[in-house]
Amino acid sequence: MVTGITATTTIPRRTDLLYRSVLNSRIYKYIGRASVKYLDVRLVLAMDVFLSVLASCVVYGIAVFILDWDILLQLKFRLVWLISSAVASALSFLVMRTYTIIIRHTEFRDIIKFLLALGLKAAMMAVLMLAFLPFSWWIALMLLFDVLFSILLLTAMRLLMMVFYNLYKSKVREIQRCRRVFLYGVSDKSAAAISRFKDSSHYNIVGVITPNPSLRHTRFADKTVYYCDSEAALDRLAMTSSSTGILFTAQNDVKLENNRLLRFAGNLGLKTFILPEVGELDEVQAVSSIRNVRIEDLLARDEIRISMQEVLSGFSGKTVLVTGAAGSIGSELCRQLSTFGISKLILFDNAETPMHNLRLELEDSFPDLDFVPVIGDVRLERRLDFTFRHYRPDVVFHAAAYKHVPLMEENPCESVLVNFVGTGYVAEKCVEYGVEKMVMISTDKAVNPTNIMGCTKRLAEIYVQSLGLAIEKGERQGKTKFVTTRFGNVLGSNGSVIPRFLEQIAKGGPLTVTHPEITRFFMTIPEACRLVMEAAVMDTANRICVFDMGEPVRIDSLARRMIELSGFKVDKDIRIEYTGLRSGEKLFEEVLSNEENTDPTMHGRIRIAKVRTYAYSEAVDAVERLGDYARNVRIPEMVRLMKQIVPEFISKNSKFSEYDEAPLS
């Protein structure tokens, strides 16, 4: 679940579920209400008057017992004493406003205020007593003891209330530390989880929820099994058990309950957690691996797996260079490469702070890894030359790129220089310094591009593939093999839709969606990087590898599920706002992988794209001409040439649409 919601948002009705469940206890019911709002001042005043009169009664009883005088037993004396005590107490407390003092924040100076009020009470009682009775020294003594007993009772009551309040808060904190949750499913993993958390101080499994109605009210691993066929049933179950969440032990279960139990839980404000693998973990390790259910867990396909043994053997002992190393894909590539026994890892990026953060992370996580951070820009050929000449990489992963579509529509020259010209520089250095393999990260936006960014990535694909084919045919000297990997949007990458939606939810909304029907292909960062490395060790040289991304996801549906996972209701707590398609943006991305436009490989999730190939000389000429236009900011000529080289580049919702019918002369 999303955390960190600000005070400006509307709180869901079950945000305080834990608090409310504790209040169901008779012991804590009254104190619970007192802890969320201050006691009514009228109630405090009535309590203080009662205690003050009670003190007067105690003093009267002691006087009768000790003095045993007939006057004390007269009805007139008793009435005057008690009535004057009540009237004087009420008036003195009203005058001194002692009832406005917050009980749980009572301090020593407040006791002084009570003493002054009780002194005023004694003075008023003395006046009333003299009006009806002759004054005697023992009446003054009774009034003195009345003040002492009153302050004793008032202070004792406040101390007692503070003790009970602190006990209550301690109980709440104890319950908060040990979260009461339901476990989902009756499986071996569920039984293992129950065993691991049997004596846990972090999670208390109060029962098991099953999707099978025939198992309801049975016992599983000494826990009662429940079936919830509606939101109301889950609501009743959570309230009666004081439960605050549901713990899943398998990602497939999360997907199975995406449109049922997870929606119920989201509407009720129940947290949903996942324990990816229990295995032989001890309780501490199991607790540390529990996390909130994320939108990535709800992808409508199984997580992509690869043959790690082949990848390990393909990179072991190699010197690997990663450009764009501090980015979302680049940094994850570095993390995974760090586990493959590589000889040296070269990090190449121009972003100083992200590079610094990645360096600290690698130093902490992989203290034995030999890695070198290099601040550099792929547009600077000499900086690239120094890096290749000095470190002599065996394998290069080229992830450096500008990727944001609207921004590149506004800055097309920089997109050409980084995505196309920079890629050309990297590819040429790979050939010059004998790199075994270069893997380029491309995008689904290169398929029939409708924007500058997509076209520059397609141009980069053309250059890399043509160079590799030229080497393969003997037209160009070299041994480098080039692999291009093409996939769609990556969940959680820098500047992508998921972090953006999280920020908007944290601010209370609205969530901005460009169009209610817009769809995109998604995969997680780790699985994207795993597929990249799998493609790198396969026999896919000089080919464009296309990843099976599953079914496209409607961004509107994604926004709605994120709101629900955050414990809010769509359009009630947080609304969705449609802003219109941005410059160069497609409504639907092209299907990346099917039998018509791809050929199969040994890996079921990786296919080879059927694309038009270009002569290497054409690609070199394109780099020179487009690079010259970009450096001189000759945008019209540059865009016209891009459309001539990539004829399928048809601008949409863009100012560059005017060049679609005006090719370069």
# chains A, B, ... in the order shown; residues from 1 in each chain; ligands from 1
>>> select_by_dssp(residues="stretch 63-266 of chain A", states="strand (DSSP E or B)", output="JSON, numbers by chain")
{"A": [179, 180, 181, 182, 183, 184, 203, 204, 205, 206, 207, 208, 209, 219, 220, 223, 224, 225, 226, 245, 246, 247, 248]}
>>> select_by_dssp(residues="stretch 398-464 of chain A", states="helix (DSSP H, G or I)", output="JSON, numbers by chain")
{"A": [405, 406, 407, 408, 409, 410, 412, 413, 414, 415, 416, 417, 418, 419, 420, 421, 422, 423, 424, 425, 426, 427, 428, 429, 430, 431, 432, 444, 445, 446, 452, 453, 454, 455, 456, 457, 458, 459, 460, 461, 462, 463, 464]}
>>> residues_around(residues="stretch 552-559 of chain A", least_positions_apart="3", cutoff="10 Å", atoms="only C-alpha atoms", output="PyMOL selection string")
chain A and resi 295+298-300+488+497-498+501-502+505+511-522+549+562-565+570+575-578+588-591
>>> write_last_selection(atoms="N, CA and C atoms", output="short mmCIF file (atom, residue, chain, number, x, y, z; two decimals), in the first residue's frame")
data_model
loop_
_atom_site.label_atom_id
_atom_site.label_comp_id
_atom_site.auth_asym_id
_atom_site.auth_seq_id
_atom_site.Cartn_x
_atom_site.Cartn_y
_atom_site.Cartn_z
N ILE A 295 1.49 -2.54 -7.55
CA ILE A 295 0.80 -2.65 -8.83
C ILE A 295 1.51 -3.64 -9.75
N LEU A 298 0.19 -7.17 -10.02
CA LEU A 298 -1.09 -7.39 -10.67
C LEU A 298 -0.98 -7.48 -12.18
N LEU A 299 0.26 -7.57 -12.72
CA LEU A 299 0.42 -7.75 -14.16
C LEU A 299 -0.32 -9.00 -14.62
N ALA A 300 -1.00 -8.88 -15.74
CA ALA A 300 -1.85 -9.98 -16.21
C ALA A 300 -1.05 -11.07 -16.92
N GLY A 488 8.77 -2.45 -24.04
CA GLY A 488 7.89 -1.32 -23.74
C GLY A 488 8.22 -0.62 -22.45
N VAL A 497 5.08 6.44 -15.27
CA VAL A 497 3.73 6.71 -14.79
C VAL A 497 3.53 6.28 -13.33
N ILE A 498 4.17 5.19 -12.89
CA ILE A 498 3.93 4.71 -11.53
C ILE A 498 4.44 5.70 -10.48
N PHE A 501 2.11 8.72 -10.48
CA PHE A 501 0.83 8.47 -9.81
C PHE A 501 1.01 8.43 -8.29
N LEU A 502 2.11 7.84 -7.82
CA LEU A 502 2.37 7.78 -6.38
C LEU A 502 2.49 9.18 -5.79
N ILE A 505 -1.01 10.72 -5.69
CA ILE A 505 -1.81 10.15 -4.61
C ILE A 505 -1.38 10.74 -3.28
N LEU A 511 -5.21 12.29 -10.14
CA LEU A 511 -4.30 11.55 -10.98
C LEU A 511 -4.57 11.97 -12.43
N THR A 512 -3.53 12.38 -13.13
CA THR A 512 -3.69 12.88 -14.49
C THR A 512 -3.42 11.77 -15.50
N VAL A 513 -4.42 11.49 -16.33
CA VAL A 513 -4.32 10.50 -17.40
C VAL A 513 -4.60 11.24 -18.70
N THR A 514 -3.79 10.99 -19.72
CA THR A 514 -3.95 11.78 -20.95
C THR A 514 -5.24 11.45 -21.69
N HIS A 515 -5.65 10.16 -21.67
CA HIS A 515 -6.85 9.76 -22.41
C HIS A 515 -7.44 8.52 -21.74
N PRO A 516 -8.77 8.41 -21.64
CA PRO A 516 -9.36 7.26 -20.94
C PRO A 516 -9.10 5.92 -21.63
N GLU A 517 -8.76 5.93 -22.92
CA GLU A 517 -8.55 4.68 -23.65
C GLU A 517 -7.08 4.36 -23.92
N ILE A 518 -6.17 5.20 -23.46
CA ILE A 518 -4.76 5.00 -23.78
C ILE A 518 -4.24 3.73 -23.11
N THR A 519 -3.43 2.95 -23.86
CA THR A 519 -2.88 1.71 -23.33
C THR A 519 -1.37 1.69 -23.54
N ARG A 520 -0.70 0.90 -22.71
CA ARG A 520 0.74 0.72 -22.84
C ARG A 520 1.12 -0.71 -22.43
N PHE A 521 2.26 -1.18 -22.97
CA PHE A 521 2.83 -2.45 -22.54
C PHE A 521 3.75 -2.19 -21.34
N PHE A 522 3.74 -3.11 -20.37
CA PHE A 522 4.56 -2.92 -19.18
C PHE A 522 5.30 -4.20 -18.81
N MET A 549 5.64 -8.76 -24.11
CA MET A 549 5.24 -7.91 -22.99
C MET A 549 3.88 -8.29 -22.41
N MET A 562 -4.27 1.73 -8.58
CA MET A 562 -3.32 2.33 -7.65
C MET A 562 -4.05 3.10 -6.56
N ILE A 563 -5.11 3.79 -6.92
CA ILE A 563 -5.91 4.50 -5.91
C ILE A 563 -6.51 3.50 -4.93
N GLU A 564 -7.05 2.40 -5.44
CA GLU A 564 -7.66 1.39 -4.58
C GLU A 564 -6.62 0.73 -3.68
N LEU A 565 -5.43 0.42 -4.23
CA LEU A 565 -4.38 -0.19 -3.41
C LEU A 565 -3.89 0.76 -2.33
N VAL A 570 -12.00 5.78 -5.85
CA VAL A 570 -11.87 6.59 -7.05
C VAL A 570 -13.03 7.56 -7.15
N ARG A 575 -9.74 11.79 -7.37
CA ARG A 575 -10.36 11.72 -8.70
C ARG A 575 -9.29 11.58 -9.79
N ILE A 576 -9.76 11.18 -10.97
CA ILE A 576 -8.90 11.06 -12.14
C ILE A 576 -9.25 12.18 -13.12
N GLU A 577 -8.23 12.84 -13.62
CA GLU A 577 -8.43 13.97 -14.54
C GLU A 577 -7.78 13.65 -15.88
N TYR A 578 -8.55 13.82 -16.95
CA TYR A 578 -8.05 13.53 -18.31
C TYR A 578 -7.55 14.82 -18.94
N PHE A 588 -2.40 4.01 -28.76
CA PHE A 588 -2.06 2.60 -28.56
C PHE A 588 -0.66 2.35 -29.11
N GLU A 589 0.19 1.68 -28.31
CA GLU A 589 1.50 1.29 -28.81
C GLU A 589 1.33 0.10 -29.76
N GLU A 590 2.26 -0.02 -30.70
CA GLU A 590 2.20 -1.14 -31.63
C GLU A 590 2.43 -2.45 -30.89
N VAL A 591 1.77 -3.52 -31.38
CA VAL A 591 2.04 -4.85 -30.84
C VAL A 591 3.49 -5.20 -31.16
#
>>> residues_around(residues="A:Tyr425", least_positions_apart="3", cutoff="8 Å", atoms="only C-alpha atoms", output="ChimeraX atom specification")
/A:378-379,381,384,421-422,428-429
>>> write_last_selection(atoms="C-alpha atoms", output="short mmCIF file (atom, residue, chain, number, x, y, z; two decimals), in the first residue's frame")
data_model
loop_
_atom_site.label_atom_id
_atom_site.label_comp_id
_atom_site.auth_asym_id
_atom_site.auth_seq_id
_atom_site.Cartn_x
_atom_site.Cartn_y
_atom_site.Cartn_z
CA VAL A 378 27.96 9.61 -25.05
CA ARG A 379 27.92 12.80 -27.15
CA GLU A 381 33.55 10.99 -28.58
CA LEU A 384 34.21 7.57 -24.85
CA VAL A 421 24.68 10.13 -32.77
CA GLY A 422 25.77 9.04 -29.27
CA GLU A 428 32.14 2.58 -33.39
CA LYS A 429 34.27 2.47 -30.23
#
>>> residues_around(residues="stretch 56-68 of chain A", least_positions_apart="6", cutoff="9 Å", atoms="only C-alpha atoms", output="ChimeraX atom specification")
/A:78,81-82,85,138,142-143,145-147,149-150
>>> write_last_selection(atoms="N, CA, C and O atoms", output="PDB file, in the first residue's frame")
ATOM      1  N   ARG A  78     -25.777  20.178  58.236  1.00  0.00           N
ATOM      2  CA  ARG A  78     -25.436  19.306  57.109  1.00  0.00           C
ATOM      3  C   ARG A  78     -25.832  19.935  55.774  1.00  0.00           C
ATOM      4  O   ARG A  78     -25.079  19.896  54.804  1.00  0.00           O
ATOM      5  N   TRP A  81     -23.557  22.961  55.022  1.00  0.00           N
ATOM      6  CA  TRP A  81     -22.212  22.506  54.670  1.00  0.00           C
ATOM      7  C   TRP A  81     -22.154  21.944  53.240  1.00  0.00           C
ATOM      8  O   TRP A  81     -21.306  22.330  52.446  1.00  0.00           O
ATOM      9  N   LEU A  82     -23.061  21.075  52.898  1.00  0.00           N
ATOM     10  CA  LEU A  82     -23.037  20.438  51.589  1.00  0.00           C
ATOM     11  C   LEU A  82     -23.441  21.391  50.473  1.00  0.00           C
ATOM     12  O   LEU A  82     -22.822  21.417  49.404  1.00  0.00           O
ATOM     13  N   SER A  85     -20.725  23.855  49.897  1.00  0.00           N
ATOM     14  CA  SER A  85     -19.602  23.199  49.222  1.00  0.00           C
ATOM     15  C   SER A  85     -19.859  23.094  47.721  1.00  0.00           C
ATOM     16  O   SER A  85     -18.980  23.388  46.904  1.00  0.00           O
ATOM     17  N   TRP A 138     -13.449  25.340  64.936  1.00  0.00           N
ATOM     18  CA  TRP A 138     -13.438  24.017  64.305  1.00  0.00           C
ATOM     19  C   TRP A 138     -14.027  24.047  62.881  1.00  0.00           C
ATOM     20  O   TRP A 138     -13.722  23.202  62.069  1.00  0.00           O
ATOM     21  N   MET A 142     -12.200  22.633  59.664  1.00  0.00           N
ATOM     22  CA  MET A 142     -12.864  21.779  58.667  1.00  0.00           C
ATOM     23  C   MET A 142     -12.649  22.317  57.250  1.00  0.00           C
ATOM     24  O   MET A 142     -12.428  21.551  56.300  1.00  0.00           O
ATOM     25  N   LEU A 143     -12.712  23.650  57.118  1.00  0.00           N
ATOM     26  CA  LEU A 143     -12.500  24.252  55.798  1.00  0.00           C
ATOM     27  C   LEU A 143     -11.070  24.027  55.316  1.00  0.00           C
ATOM     28  O   LEU A 143     -10.828  23.791  54.120  1.00  0.00           O
ATOM     29  N   PHE A 145      -9.124  21.425  56.116  1.00  0.00           N
ATOM     30  CA  PHE A 145      -9.031  20.031  55.703  1.00  0.00           C
ATOM     31  C   PHE A 145      -9.810  19.766  54.413  1.00  0.00           C
ATOM     32  O   PHE A 145      -9.456  18.906  53.611  1.00  0.00           O
ATOM     33  N   ASP A 146     -10.877  20.544  54.231  1.00  0.00           N
ATOM     34  CA  ASP A 146     -11.655  20.420  52.992  1.00  0.00           C
ATOM     35  C   ASP A 146     -10.777  20.758  51.781  1.00  0.00           C
ATOM     36  O   ASP A 146     -10.812  20.079  50.745  1.00  0.00           O
ATOM     37  N   VAL A 147      -9.974  21.841  51.909  1.00  0.00           N
ATOM     38  CA  VAL A 147      -9.063  22.222  50.829  1.00  0.00           C
ATOM     39  C   VAL A 147      -8.045  21.112  50.575  1.00  0.00           C
ATOM     40  O   VAL A 147      -7.772  20.742  49.419  1.00  0.00           O
ATOM     41  N   PHE A 149      -8.199  17.800  51.324  1.00  0.00           N
ATOM     42  CA  PHE A 149      -8.801  16.589  50.759  1.00  0.00           C
ATOM     43  C   PHE A 149      -9.256  16.812  49.311  1.00  0.00           C
ATOM     44  O   PHE A 149      -9.181  15.919  48.481  1.00  0.00           O
ATOM     45  N   SER A 150      -9.733  18.005  49.026  1.00  0.00           N
ATOM     46  CA  SER A 150     -10.177  18.302  47.660  1.00  0.00           C
ATOM     47  C   SER A 150      -9.009  18.249  46.686  1.00  0.00           C
ATOM     48  O   SER A 150      -9.108  17.651  45.603  1.00  0.00           O
TER      49      SER A 150
END
>>> residues_around(residues="A:Phe93", least_positions_apart="4", cutoff="12 Å", atoms="only C-alpha atoms", output="ChimeraX atom specification")
/A:41-42,44-52,85-89,97-101,113-121,154
>>> atom_distance(atom1="atom CA of A:Ser651", atom2="atom CA of A:Lys586")
9.5 Å
>>> residues_around(residues="A:Met642", least_positions_apart="2", cutoff="12 Å", atoms="only C-alpha atoms", output="ChimeraX atom specification")
/A:412-413,415-416,420,449-460,619,622-623,625-627,629-630,635-640,644-651,656,659-660,662-664
>>> closest_residue(among="A:Thr485, A:Asn597, A:Ser214, A:Thr319", to="A:Val395", atoms="only C-alpha atoms")
A:Thr319
>>> atom_distance(atom1="atom CA of A:Thr155", atom2="atom CA of A:Leu54")
13.7 Å
>>> atom_distance(atom1="atom CA of A:Thr272", atom2="atom CA of A:Ala232")
17.2 Å
>>> closest_residue(among="A:Ala615, A:Ile194, A:Leu261, A:Met438", to="A:Glu475", atoms="only C-alpha atoms")
A:Ala615
>>> closest_residue(among="A:Leu130, A:Tyr616, A:Phe273, A:Tyr203", to="A:Gly474", atoms="only C-alpha atoms")
A:Tyr616
